[in-house]
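These notes are about the structure you will find just below.
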Amino acid sequence: MIFRNPNNRTKPYQFDYKPRYYDPEEEKAEKRRRELERQMEINERAEAGDEDAIKERSRRRMNRMYRAEANQARKRAALRSNIMLMGIIGLLLFATYFIIEHYLPQIEAWVGKMNF
């Protein structure tokens with residue numbers, strides 16, 4: 001179809017886009033609300049004597065304690081790493097100062113003897 005009829009024009013496809021609004025804070029609040037509702041339901045069932053709810057509540061407490069301990073361990077490791085980094089930087093600064101203080105006159109004399 002090299003030649004087309006100028007009266008027969010095809011319409012372009014319609015773009016049907018419906019934008020959606022996303023609010024991350026609202027999403028986080030909704031997730032937290034659902035979690036609290038679930039936790040309240042488990043607590044009510046546990047107080048009523050449901051064994052599964054008691055197990056679920058205990059499991060959640062243990063998970064929370066484990067996450068808190070893991071977070072503390074991560075903070076301690078980061079602190080230890082930062083202290084070691086500062087020590088290495090201090091050692092390198094001292095070594096640089098010592099080398100410059102001790103060997104700079106010899107380097108200046110050596111460079112002065114060269115003819116540029």
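By convention here, the chains of the structure tokens are called A, B, ... in the order presented, each chain's residues are numbered starting at 1, and ligands are numbered starting at 1 in the order presented.
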> range 8-84 of chain A: which residues are helix (DSSP H, G or I) by DSSP, as a ChimeraX atom specification?
Replying inline: /A:24-48,51-84
>> When you count only C-alpha atoms, which of these residues is closest to Ser58 in chain A: A:Pro19, A:Phe98, A:Lys113, A:Ala46?
In response: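 When distances to Ser58 in chain A are compared using only C-alpha atoms, the smallest one comes from A:Ala46.
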> Which distance in Å separates CA of Gln39 in chain A and CA of Glu51 in chain A, to one decimal?
Replying inline: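 About the pair CA of Gln39 in chain A and CA of Glu51 in chain A: they are 15.0 Å apart.
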